[in-house]
Every structure is written in C-alpha cells, then in structure tokens.
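Visitor: I'm passing along query_39.tsv; it holds TSV, C-alpha atoms (C1' of nucleotides).
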```
chain	number	residue	atom	x	y	z
E	1	MET	CA	-193.78	59.98	-67.66
E	2	PRO	CA	-196.40	60.62	-65.08
E	3	GLU	CA	-199.04	63.17	-65.98
E	4	LEU	CA	-202.29	63.81	-64.14
E	5	PRO	CA	-203.90	60.34	-64.57
E	6	GLU	CA	-200.68	58.59	-63.62
E	7	VAL	CA	-200.11	60.74	-60.53
E	8	GLU	CA	-203.72	60.25	-59.48
E	9	THR	CA	-203.30	56.49	-59.93
E	10	ILE	CA	-200.27	56.63	-57.66
E	11	ARG	CA	-202.25	58.66	-55.13
E	12	HIS	CA	-204.97	56.02	-55.06
E	13	ALA	CA	-202.37	53.29	-54.66
E	14	LEU	CA	-200.72	55.03	-51.73
E	15	LEU	CA	-204.07	55.59	-50.02
E	16	LYS	CA	-204.95	51.95	-50.56
E	17	GLY	CA	-201.64	51.03	-48.99
E	18	ASN	CA	-202.95	52.45	-45.72
E	19	LEU	CA	-200.53	55.36	-45.62
E	20	ILE	CA	-202.98	57.52	-43.70
E	21	GLY	CA	-202.47	57.31	-39.96
E	22	GLN	CA	-198.90	56.03	-40.28
E	23	VAL	CA	-196.23	57.79	-38.26
E	24	ILE	CA	-192.84	58.50	-39.80
E	25	LEU	CA	-190.19	56.72	-37.74
E	26	GLN	CA	-187.16	57.48	-39.86
E	27	VAL	CA	-186.20	59.02	-43.17
E	28	GLU	CA	-183.26	57.95	-45.26
E	29	ILE	CA	-182.17	60.29	-48.02
E	30	LYS	CA	-180.15	58.54	-50.68
E	31	ASN	CA	-180.05	61.47	-53.08
E	32	LYS	CA	-179.87	64.92	-51.53
E	33	LYS	CA	-180.58	66.65	-54.83
E	34	LEU	CA	-184.19	65.56	-54.63
E	35	VAL	CA	-184.82	67.76	-51.57
E	36	LYS	CA	-185.33	71.42	-52.43
E	37	GLU	CA	-185.34	74.58	-50.35
E	38	ILE	CA	-184.42	72.97	-47.06
E	39	SER	CA	-181.32	71.17	-45.92
E	40	SER	CA	-181.56	67.40	-45.87
E	41	GLU	CA	-180.83	67.39	-42.12
E	42	ASN	CA	-183.79	69.67	-41.41
E	43	PHE	CA	-185.87	67.66	-43.84
E	44	THR	CA	-185.27	64.45	-41.92
E	45	THR	CA	-185.69	65.88	-38.42
E	46	SER	CA	-188.85	67.75	-39.39
E	47	LEU	CA	-190.44	64.61	-40.79
E	48	ILE	CA	-189.68	62.22	-37.96
E	49	GLY	CA	-192.66	61.78	-35.65
E	50	GLN	CA	-195.13	63.29	-38.12
E	51	THR	CA	-198.33	61.46	-39.03
E	52	PHE	CA	-199.78	61.17	-42.54
E	53	HIS	CA	-203.24	62.76	-42.41
E	54	ASN	CA	-204.10	63.07	-46.07
E	55	LEU	CA	-202.73	62.85	-49.58
E	56	GLU	CA	-203.82	65.49	-52.04
E	57	ARG	CA	-202.89	66.18	-55.63
E	58	LYS	CA	-202.88	69.25	-57.77
E	59	GLY	CA	-201.79	68.80	-61.35
E	60	LYS	CA	-198.79	66.51	-61.22
E	61	GLN	CA	-197.90	67.53	-57.69
E	62	LEU	CA	-198.51	65.08	-54.86
E	63	ILE	CA	-199.09	66.64	-51.44
E	64	PHE	CA	-198.69	64.58	-48.29
E	65	LEU	CA	-200.40	66.39	-45.42
E	66	LEU	CA	-198.71	65.78	-42.09
E	67	ASP	CA	-199.33	67.31	-38.63
E	68	LYS	CA	-197.27	70.40	-39.14
E	69	TRP	CA	-195.95	70.06	-42.64
E	70	ALA	CA	-196.96	69.56	-46.21
E	71	LEU	CA	-194.58	67.31	-48.12
E	72	LEU	CA	-194.86	68.10	-51.81
E	73	SER	CA	-193.56	65.46	-54.19
E	74	HIS	CA	-193.14	65.91	-57.92
E	75	LEU	CA	-192.20	62.81	-59.91
E	76	ARG	CA	-191.11	64.66	-63.05
E	77	MET	CA	-189.99	62.03	-65.55
E	78	THR	CA	-189.13	58.87	-63.73
E	79	GLY	CA	-190.20	59.22	-60.10
E	80	LYS	CA	-191.91	56.11	-58.68
E	81	TYR	CA	-193.24	54.97	-55.33
E	82	PHE	CA	-193.17	51.49	-53.90
E	83	PHE	CA	-194.28	50.02	-50.62
E	84	ASP	CA	-191.67	48.00	-48.81
E	85	GLU	CA	-189.67	46.60	-51.69
E	86	VAL	CA	-188.75	47.60	-55.21
E	87	PRO	CA	-189.87	44.76	-57.51
E	88	VAL	CA	-186.83	42.63	-58.31
E	89	ASN	CA	-187.29	42.94	-62.07
E	90	LEU	CA	-186.96	46.74	-61.97
E	91	LEU	CA	-183.20	47.04	-62.04
E	92	ALA	CA	-183.01	50.73	-62.87
E	93	GLU	CA	-185.31	51.50	-59.96
E	94	LYS	CA	-183.40	49.33	-57.54
E	95	ARG	CA	-180.29	51.28	-58.44
E	96	SER	CA	-181.95	54.66	-58.07
E	97	ILE	CA	-183.63	54.71	-54.68
E	98	GLY	CA	-183.80	58.35	-53.70
E	99	LEU	CA	-185.69	58.33	-50.43
E	100	ILE	CA	-186.93	55.79	-47.92
E	101	ILE	CA	-189.56	56.64	-45.32
E	102	TYR	CA	-189.88	54.14	-42.49
E	103	LEU	CA	-193.44	53.86	-41.21
E	104	SER	CA	-194.88	52.88	-37.85
E	105	SER	CA	-196.54	49.84	-39.43
E	106	GLY	CA	-193.10	48.43	-40.06
E	107	LYS	CA	-193.42	49.07	-43.79
E	108	LYS	CA	-191.31	51.36	-45.90
E	109	LEU	CA	-192.36	53.94	-48.46
E	110	ILE	CA	-189.70	53.97	-51.14
E	111	TYR	CA	-189.19	56.68	-53.75
E	112	CYS	CA	-187.10	55.81	-56.80
E	113	ASP	CA	-186.02	58.15	-59.55
E	114	ALA	CA	-183.78	56.92	-62.36
E	115	ARG	CA	-183.16	60.38	-63.83
E	116	CYS	CA	-183.18	62.20	-60.50
E	117	PHE	CA	-185.41	64.97	-61.85
E	118	GLY	CA	-187.96	64.64	-59.09
E	119	ALA	CA	-188.42	67.21	-56.35
E	120	PHE	CA	-189.50	67.23	-52.72
E	121	TYR	CA	-190.55	70.41	-50.96
E	122	LEU	CA	-191.27	70.49	-47.24
E	123	GLN	CA	-193.35	73.50	-46.27
E	124	PRO	CA	-195.55	74.52	-43.33
E	125	ARG	CA	-198.97	72.97	-43.74
E	126	ASP	CA	-200.73	76.33	-43.29
E	127	ALA	CA	-198.58	78.12	-45.86
E	128	PHE	CA	-197.82	75.79	-48.74
E	129	ARG	CA	-200.78	76.89	-50.85
E	130	VAL	CA	-199.36	80.39	-51.12
E	131	SER	CA	-195.81	79.17	-51.77
E	132	VAL	CA	-193.96	77.99	-54.85
E	133	PRO	CA	-194.53	75.52	-56.43
E	134	TYR	CA	-198.21	75.13	-55.45
E	135	LYS	CA	-199.19	78.75	-55.93
E	136	ASN	CA	-197.94	78.66	-59.51
E	137	LEU	CA	-200.29	75.85	-60.47
E	138	GLY	CA	-203.37	76.70	-62.47
E	139	PRO	CA	-206.65	74.85	-61.97
E	140	ASP	CA	-206.34	71.06	-61.97
E	141	ALA	CA	-207.34	69.69	-65.36
E	142	LEU	CA	-209.67	67.07	-63.90
E	143	GLN	CA	-210.70	68.06	-60.38
E	144	GLU	CA	-211.53	71.70	-60.98
E	145	GLU	CA	-214.12	73.54	-63.02
E	146	ILE	CA	-212.39	75.39	-65.84
E	147	SER	CA	-214.51	77.83	-67.78
E	148	VAL	CA	-214.16	78.69	-71.45
E	149	ASP	CA	-213.90	82.33	-70.42
E	150	TYR	CA	-210.99	81.59	-68.13
E	151	LEU	CA	-209.06	79.86	-70.91
E	152	LYS	CA	-209.99	82.45	-73.48
E	153	ASN	CA	-208.65	85.09	-71.12
E	154	CYS	CA	-205.37	83.23	-70.67
E	155	PHE	CA	-205.04	82.56	-74.38
E	156	GLN	CA	-205.90	85.88	-75.97
E	157	THR	CA	-202.79	87.63	-74.70
E	158	LEU	CA	-200.48	84.77	-75.71
E	159	LYS	CA	-199.07	83.99	-79.12
E	160	ILE	CA	-197.53	80.65	-78.25
E	161	PRO	CA	-198.62	77.42	-80.01
E	162	ILE	CA	-201.59	75.76	-78.31
E	163	LYS	CA	-199.46	72.65	-77.77
E	164	VAL	CA	-197.02	74.71	-75.69
E	165	ALA	CA	-199.84	76.42	-73.79
E	166	LEU	CA	-201.36	73.07	-72.78
E	167	LEU	CA	-198.06	72.14	-71.13
E	168	GLU	CA	-197.99	75.42	-69.21
E	169	GLN	CA	-198.93	74.39	-65.66
E	170	LYS	CA	-199.78	77.96	-64.69
E	171	ILE	CA	-202.74	77.89	-67.07
E	172	ILE	CA	-204.00	74.34	-66.47
E	173	SER	CA	-202.14	71.89	-64.27
E	174	GLY	CA	-201.80	68.21	-65.01
E	175	ILE	CA	-201.34	67.95	-68.78
E	176	GLY	CA	-198.02	66.63	-70.07
E	177	ASN	CA	-196.55	65.83	-73.43
E	178	ILE	CA	-198.51	62.67	-74.14
E	179	TYR	CA	-202.00	63.97	-73.40
E	180	ALA	CA	-201.35	67.36	-75.03
E	181	SER	CA	-200.95	65.64	-78.40
E	182	GLU	CA	-203.95	63.40	-77.76
E	183	ILE	CA	-206.21	66.29	-76.73
E	184	LEU	CA	-205.36	68.33	-79.82
E	185	PHE	CA	-205.95	65.36	-82.09
E	186	MET	CA	-209.43	64.80	-80.67
E	187	ALA	CA	-210.17	68.52	-80.86
E	188	LYS	CA	-208.86	68.56	-84.45
E	189	ILE	CA	-206.60	71.52	-83.81
E	190	ASN	CA	-203.10	71.90	-85.21
E	191	PRO	CA	-200.58	71.96	-82.35
E	192	LEU	CA	-198.84	74.99	-83.84
E	193	LYS	CA	-201.95	77.16	-83.89
E	194	PRO	CA	-201.28	80.26	-81.77
E	195	THR	CA	-203.52	80.49	-78.72
E	196	ASN	CA	-204.77	83.97	-79.62
E	197	LYS	CA	-206.08	82.61	-82.94
E	198	LEU	CA	-208.29	79.97	-81.34
E	199	SER	CA	-212.03	80.41	-81.68
E	200	ARG	CA	-214.33	80.05	-78.71
E	201	GLU	CA	-215.58	76.81	-80.23
E	202	GLU	CA	-212.04	75.45	-80.45
E	203	ILE	CA	-211.36	76.34	-76.82
E	204	GLU	CA	-214.57	74.53	-75.86
E	205	LYS	CA	-213.32	71.46	-77.72
E	206	VAL	CA	-209.94	71.60	-76.02
E	207	LEU	CA	-211.61	71.75	-72.61
E	208	TYR	CA	-214.07	68.99	-73.41
E	209	HIS	CA	-211.45	66.58	-74.70
E	210	THR	CA	-209.07	67.38	-71.87
E	211	LYS	CA	-211.69	66.20	-69.39
E	212	VAL	CA	-212.74	63.15	-71.41
E	213	ILE	CA	-209.23	61.93	-72.19
E	214	LEU	CA	-207.83	62.41	-68.71
E	215	GLN	CA	-210.87	60.73	-67.16
E	216	LYS	CA	-210.57	57.73	-69.47
E	217	ALA	CA	-206.83	57.49	-68.84
E	218	LEU	CA	-207.46	57.56	-65.11
E	219	GLU	CA	-210.01	54.76	-65.40
E	220	LEU	CA	-207.40	52.69	-67.24
E	221	GLY	CA	-204.73	53.33	-64.61
E	222	GLY	CA	-202.72	55.74	-66.74
E	223	THR	CA	-200.47	55.36	-69.76
E	224	SER	CA	-197.37	53.19	-69.70
E	225	VAL	CA	-195.56	54.08	-72.90
E	226	VAL	CA	-192.02	54.43	-71.75
E	227	ASP	CA	-191.61	53.98	-68.07
E	228	PHE	CA	-194.72	54.70	-66.06
E	229	ILE	CA	-195.49	52.11	-63.45
E	230	SER	CA	-197.58	52.72	-60.35
E	231	PRO	CA	-197.59	50.68	-57.17
E	232	PHE	CA	-200.56	48.93	-58.84
E	233	GLY	CA	-198.47	48.08	-61.88
E	234	LYS	CA	-198.75	49.39	-65.40
E	235	GLY	CA	-201.66	51.34	-66.84
E	236	SER	CA	-203.31	50.53	-70.13
E	237	TYR	CA	-204.23	53.85	-71.74
E	238	GLN	CA	-201.35	53.34	-74.21
E	239	GLN	CA	-203.81	51.17	-76.17
E	240	GLU	CA	-206.02	54.22	-76.57
E	241	LEU	CA	-203.37	56.60	-77.90
E	242	LYS	CA	-204.36	58.03	-81.26
E	243	VAL	CA	-201.25	59.97	-82.25
E	244	TYR	CA	-198.60	59.90	-79.54
E	245	MET	CA	-195.66	57.72	-80.62
E	246	ARG	CA	-197.48	56.91	-83.86
E	247	GLU	CA	-195.17	58.76	-86.23
E	248	ASN	CA	-195.35	57.41	-89.81
E	249	LYS	CA	-198.39	55.33	-88.97
E	250	PRO	CA	-201.81	55.91	-90.53
E	251	CYS	CA	-204.29	58.17	-88.79
E	252	TYR	CA	-207.19	56.12	-87.38
E	253	GLN	CA	-209.64	58.66	-88.81
E	254	CYS	CA	-208.34	59.32	-92.33
E	255	GLN	CA	-205.30	57.05	-92.92
E	256	THR	CA	-203.04	60.06	-93.50
E	257	THR	CA	-199.54	59.51	-92.13
E	258	ILE	CA	-199.06	60.87	-88.62
E	259	ILE	CA	-196.32	63.46	-88.34
E	260	MET	CA	-193.90	64.14	-85.51
E	261	GLU	CA	-192.66	67.68	-85.17
E	262	ARG	CA	-190.61	69.16	-82.41
E	263	ILE	CA	-192.34	72.19	-80.93
E	264	ASN	CA	-190.30	74.05	-78.33
E	265	ASN	CA	-188.01	71.06	-78.10
E	266	ARG	CA	-190.88	68.69	-77.32
E	267	SER	CA	-192.03	65.99	-79.68
E	268	SER	CA	-195.55	66.62	-80.89
E	269	PHE	CA	-197.59	64.14	-82.88
E	270	PHE	CA	-200.48	65.07	-85.13
E	271	CYS	CA	-202.40	64.21	-88.27
E	272	PRO	CA	-201.73	66.87	-90.94
E	273	HIS	CA	-205.14	66.20	-92.49
E	274	CYS	CA	-207.41	66.07	-89.44
E	275	GLN	CA	-205.46	68.88	-87.79
E	276	LYS	CA	-204.87	71.32	-90.63
E	277	LEU	CA	-203.32	74.63	-89.64
E	278	GLU	CA	-206.01	77.23	-90.27
E	279	LEU	CA	-205.15	80.81	-89.44
M	1	DC	C1'	-192.47	91.06	-70.36
M	2	DA	C1'	-193.28	87.35	-73.58
M	3	DG	C1'	-191.37	83.77	-75.65
M	4	DG	C1'	-187.59	80.81	-76.86
M	5	DT	C1'	-183.69	77.86	-75.46
M	6	DC	C1'	-180.80	75.50	-72.18
M	7	DT	C1'	-180.13	72.48	-68.38
M	8	DC	C1'	-180.60	69.02	-65.09
M	9	DC	C1'	-179.92	63.42	-65.42
M	10	DT	C1'	-179.33	58.61	-66.85
M	11	DG	C1'	-181.53	54.54	-69.14
M	12	DC	C1'	-182.52	53.08	-73.45
M	13	DT	C1'	-181.97	52.44	-78.39
M	14	DA	C1'	-180.54	53.07	-83.15
M	15	DG	C1'	-176.74	52.51	-85.84
M	16	DC	C1'	-172.32	51.24	-86.86
S	1	DT	C1'	-172.11	41.18	-80.21
S	2	DG	C1'	-170.55	45.42	-78.22
S	3	DC	C1'	-169.90	50.08	-78.13
S	4	DT	C1'	-171.37	54.91	-78.28
S	5	DA	C1'	-173.83	59.06	-79.61
S	6	DG	C1'	-178.02	60.86	-79.22
S	7	DC	C1'	-182.61	61.00	-77.64
S	8	DA	C1'	-186.32	61.23	-74.05
S	9	DG	C1'	-188.76	65.19	-71.24
S	10	DG	C1'	-191.06	68.65	-66.63
S	11	DA	C1'	-190.13	72.73	-65.14
S	12	DG	C1'	-187.20	76.30	-63.72
S	13	DA	C1'	-183.13	79.15	-65.06
S	14	DC	C1'	-181.47	81.90	-68.24
S	15	DC	C1'	-181.26	84.60	-72.48
S	16	DT	C1'	-183.12	87.70	-76.17
```
Once more with this new file: its structure as structure tokens, please.
Guide:
Amino acid sequence: MPELPEVETIRHALLKGNLIGQVILQVEIKNKKLVKEISSENFTTSLIGQTFHNLERKGKQLIFLLDKWALLSHLRMTGKYFFDEVPVNLLAEKRSIGLIIYLSSGKKLIYCDARCFGAFYLQPRDAFRVSVPYKNLGPDALQEEISVDYLKNCFQTLKIPIKVALLEQKIISGIGNIYASEILFMAKINPLKPTNKLSREEIEKVLYHTKVILQKALELGGTSVVDFISPFGKGSYQQELKVYMRENKPCYQCQTTIIMERINNRSSFFCPHCQKLEL
DNA sequence: CAGGTCTCCTGCTAGC
DNA sequence: TGCTAGCAGGAGACCT
C-alpha cells in the first residue's frame, strides 16, 4: 500500500517519464467511481486540451497541475500508474484499468486500481489548496518542517493511541500502517500509549524516526510487502522492516517475540519488551 | 466534539 | 486440487 515514500517514488517516475509539457488529447474513464465531486463527463471535457505543468505531492496525495485545473490523485490501497502498457505479468492490474489519459507524445498514462479505492478530484488550480481533501492534510512528513511544539499541541488534547494518531493525516500527512509500526519500534514507544501521555522526549523521538525512516524508504524506492509497484518496479525497503509483518518472529534488538495487535481495526506490530507500555 | 466502528472493494491465502 | 470464508487497509461516513 502506497505511503509517502511509495507515492514520492511514483511521482519521480512520472516526472522521469516526461509527463511535464504533455497535452491531454483524450481521457477514457473505465471506472466512474474513481472520479469524485464532478461528473465523469465534465471530468473528461475539462481535462482535454490541458497541459501538465507540474506534479506535486502532499502526504499520499498526488497533484497534477494543469493550465486551469489541479488533478488530485489518491492511490489508497492498490492504485498504480503505468506508462503506455500494463506489464503483461500483472494480471490483476490488467483487469482493473480505471483511467487512461492519452498524451500528445502518443503515449498513454494508465491508472489501475484492483480494489477501486482510489480517488480523483478535479478542482480549479487556484482553489484546490483551500478545498477538501488538500486542506485537511497536515504538514507533509518528509517535505515540511514539523516542530515538537506543533505535535505536542496536537497530542495533548487527544487521548487516542499514538499508533492511531500517526495515521491521522490531519496531524501529519504521509504515514500509513507500515511505517507507523516501524516508527514506533525505533522510538521504543508502545503503539497503545495515549498521545496525551507522551513526554516531550518521546515526541522528539517520533519526529526524528519519522524523518529517518521515510527518507531511507524513499532512497530504497519504497516498500513492496504486499502489492506496491511503481513505474520503476518494486522497492526494497521491505528488507529493512523491523516489526511490520514480523508477528511471532524474534525482535532484532532483544529476541522477544514480536506481537501483532489490532488497534482501531488496523494491524499493529511491536516488540512487547522494547516497547513496554509505560503510563 | 472526541473517539470508535463501519464501509467501500476485490485479490489473495489459509484451511478444509 | 479446488473451493470458500475471511483478511487486507486509507479515509470518509456514520454512530455513540
């Protein structure tokens, strides 16, 4: 599932594919459910003739900047982009093409989404930053400066487990279920610890390891545990994972058995020894 | 209002 | 080997 490093990897791949400067000749919507807030007819007609000027990212949200519009694309669980052709070995993707954008170069930009959870929003370029979903995104976990005071402020009024807070995109955008477990392991904080019980030192550790882990994951092209694949291919951060998907395996630090616990219906992995719950 | 749970969706896998 | 129930999860809707 694409989180910040994976989405950023995709962004780099699309830029490298010379998307910028291309004009949209035609748009083919295979799955109307992917397009939010605007009818698919308007979506298509608005896009035709527009030029790609830039590709931004905030959190897990990709933002294609066109002449008049911003096309926001969220991949959710299984969204993927390909240039021209879906690799023949990816059967699920071939079956789940959601959108095809025909470019002036003669190439196609293809969006696939096996679970159809993804979302496209088309909004005026001068207004999208004050509209949902963009305006609800907190500072980007990697690109933006995030101060300890800011997080402490967010956390002190909340009583939710830190693991849940890390997934809350309004606070920090870009962290998903895989990296949330990894960050808390490195910070040696129990995922169930309520945010208002975190010390300033613990918040510093969370911030530090968020930056370090996401940066490393980005350098390795993301994590391909279940189904992440970028136009570059698979990432390799899965080799670096310390706790995620390591239930019943020994902790690399202390050999204690890693536990999986569902927190707010999300699987969370941690070492009960390194990450003792201290209240 | 904060916080918890449900829902969307379908490919994959564990288990029979 | 073949079938099926259940799991996977981002984020918004919905409930308490």
Visitor: With a cut-off of 10 Å and counting all atoms listed in the file, select all residues of chain E in contact with chain S and give the selection as a VMD selection string.
Guide: chain E and resid 1 to 3 60 74 to 78 117 to 118 167 to 169 176 to 177 226 265 to 267
Visitor: Report as a Markdown table: every residue of chain M with an atom at most 8 Å from chain E, its closest pair of atoms, and their distance in Å to one decimal, counting all atoms listed in the file, with rows sorted by chain and ascending residue number.
Guide:
```
| residue | atom | partner | partner_atom | distance |
| --- | --- | --- | --- | --- |
| M:DA2 | C1' | E:Leu158 | CA | 7.9 |
| M:DG3 | C1' | E:Ile160 | CA | 7.4 |
| M:DG4 | C1' | E:Asn264 | CA | 7.4 |
| M:DC8 | C1' | E:Phe117 | CA | 7.1 |
| M:DC9 | C1' | E:Arg115 | CA | 4.7 |
| M:DT10 | C1' | E:Arg115 | CA | 5.2 |
| M:DG11 | C1' | E:Ala92 | CA | 7.5 |
```
Visitor: Give me the residues within 12 Å of E:Gln239 as a short mmCIF file (atom, residue, chain, number, x, y, z; two decimals) with C-alpha atoms, keeping the file's coordinate frame, counting all atoms listed in the file and dropping any in the same chain fewer than 4 places off.
Guide:
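Heads up, here's the output in out.cif:
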```
data_model
loop_
_atom_site.label_atom_id
_atom_site.label_comp_id
_atom_site.auth_asym_id
_atom_site.auth_seq_id
_atom_site.Cartn_x
_atom_site.Cartn_y
_atom_site.Cartn_z
CA LYS E 216 -210.57 57.73 -69.47
CA ALA E 217 -206.83 57.49 -68.84
CA LEU E 220 -207.40 52.69 -67.24
CA GLY E 221 -204.73 53.33 -64.61
CA GLY E 222 -202.72 55.74 -66.74
CA THR E 223 -200.47 55.36 -69.76
CA SER E 224 -197.37 53.19 -69.70
CA VAL E 225 -195.56 54.08 -72.90
CA GLY E 235 -201.66 51.34 -66.84
CA VAL E 243 -201.25 59.97 -82.25
CA TYR E 244 -198.60 59.90 -79.54
CA MET E 245 -195.66 57.72 -80.62
CA ARG E 246 -197.48 56.91 -83.86
#
```
Visitor: Do you have the atom CA of E:Leu109-atom CA of E:Thr9 distance handy?
Guide: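 These atoms are spaced 16.1 Å apart.
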Visitor: Please provide as a list in words all residues within 12 Å of stretch 40-43 of chain E, with the sequence filter that same-chain residues fewer than 3 positions apart are discarded (counting all atoms listed in the file).
Guide: Gln26, Val27, Glu28, Ile29, Lys30, Asn31, Lys32, Lys33, Leu34, Val35, Lys36, Glu37, Ser46, Leu47, Ile48, Gln50, Trp69, Ala70, Leu71, Leu99, Ile101, Phe120, Tyr121, Leu122, Gln123 and Pro124 of chain E
Visitor: Restricted to C-alpha atoms, what would the selected residues look like written as a PDB file, in the frame of the given file?
Guide:
```
ATOM      1  CA  GLN E  26    -187.160  57.480 -39.860  1.00  0.00           C
ATOM      2  CA  VAL E  27    -186.200  59.020 -43.170  1.00  0.00           C
ATOM      3  CA  GLU E  28    -183.260  57.950 -45.260  1.00  0.00           C
ATOM      4  CA  ILE E  29    -182.170  60.290 -48.020  1.00  0.00           C
ATOM      5  CA  LYS E  30    -180.150  58.540 -50.680  1.00  0.00           C
ATOM      6  CA  ASN E  31    -180.050  61.470 -53.080  1.00  0.00           C
ATOM      7  CA  LYS E  32    -179.870  64.920 -51.530  1.00  0.00           C
ATOM      8  CA  LYS E  33    -180.580  66.650 -54.830  1.00  0.00           C
ATOM      9  CA  LEU E  34    -184.190  65.560 -54.630  1.00  0.00           C
ATOM     10  CA  VAL E  35    -184.820  67.760 -51.570  1.00  0.00           C
ATOM     11  CA  LYS E  36    -185.330  71.420 -52.430  1.00  0.00           C
ATOM     12  CA  GLU E  37    -185.340  74.580 -50.350  1.00  0.00           C
ATOM     13  CA  SER E  46    -188.850  67.750 -39.390  1.00  0.00           C
ATOM     14  CA  LEU E  47    -190.440  64.610 -40.790  1.00  0.00           C
ATOM     15  CA  ILE E  48    -189.680  62.220 -37.960  1.00  0.00           C
ATOM     16  CA  GLN E  50    -195.130  63.290 -38.120  1.00  0.00           C
ATOM     17  CA  TRP E  69    -195.950  70.060 -42.640  1.00  0.00           C
ATOM     18  CA  ALA E  70    -196.960  69.560 -46.210  1.00  0.00           C
ATOM     19  CA  LEU E  71    -194.580  67.310 -48.120  1.00  0.00           C
ATOM     20  CA  LEU E  99    -185.690  58.330 -50.430  1.00  0.00           C
ATOM     21  CA  ILE E 101    -189.560  56.640 -45.320  1.00  0.00           C
ATOM     22  CA  PHE E 120    -189.500  67.230 -52.720  1.00  0.00           C
ATOM     23  CA  TYR E 121    -190.550  70.410 -50.960  1.00  0.00           C
ATOM     24  CA  LEU E 122    -191.270  70.490 -47.240  1.00  0.00           C
ATOM     25  CA  GLN E 123    -193.350  73.500 -46.270  1.00  0.00           C
ATOM     26  CA  PRO E 124    -195.550  74.520 -43.330  1.00  0.00           C
TER      27      PRO E 124
END
```
Visitor: Just give me the gap between atom CA of E:Leu166 and atom CA of E:Tyr134 in Å, one decimal is fine.
Guide: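 Here the two named atoms are 17.7 Å from each other.
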Visitor: One decimal, Å: what's the distance from atom CA of E:Lys242 over to atom CA of E:Pro5, could you say?
Guide: 16.9 Å
Visitor: Name all residues at most 9 Å from E:Leu192 (count all atoms listed in the file; drop same-chain ones fewer than 5 positions away) and give them as a compact mmCIF listing (two decimals) with C-alpha atoms, in the coordinates of the input.
Guide:
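Writing done, so here's selection-v9.txt:
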```txt
# COMPACT_ATOMS: atom_id res chain seq x y z
CA ILE E 160 -197.53 80.65 -78.25
CA PRO E 161 -198.62 77.42 -80.01
CA ILE E 162 -201.59 75.76 -78.31
CA LYS E 163 -199.46 72.65 -77.77
CA VAL E 164 -197.02 74.71 -75.69
CA ILE E 263 -192.34 72.19 -80.93
CA LEU E 277 -203.32 74.63 -89.64
```
Visitor: Please put the answer as AutoDock Vina command-line options: centre and edge lengths, in Å with one decimal, of a box along x, y and z that encloses all listed atoms of stretch 162-175 of chain E plus 8 Å on each side.
Guide:
```
--center_x -200.5 --center_y 73.0 --center_z -71.3 --size_x 23.0 --size_y 26.0 --size_z 30.0
```
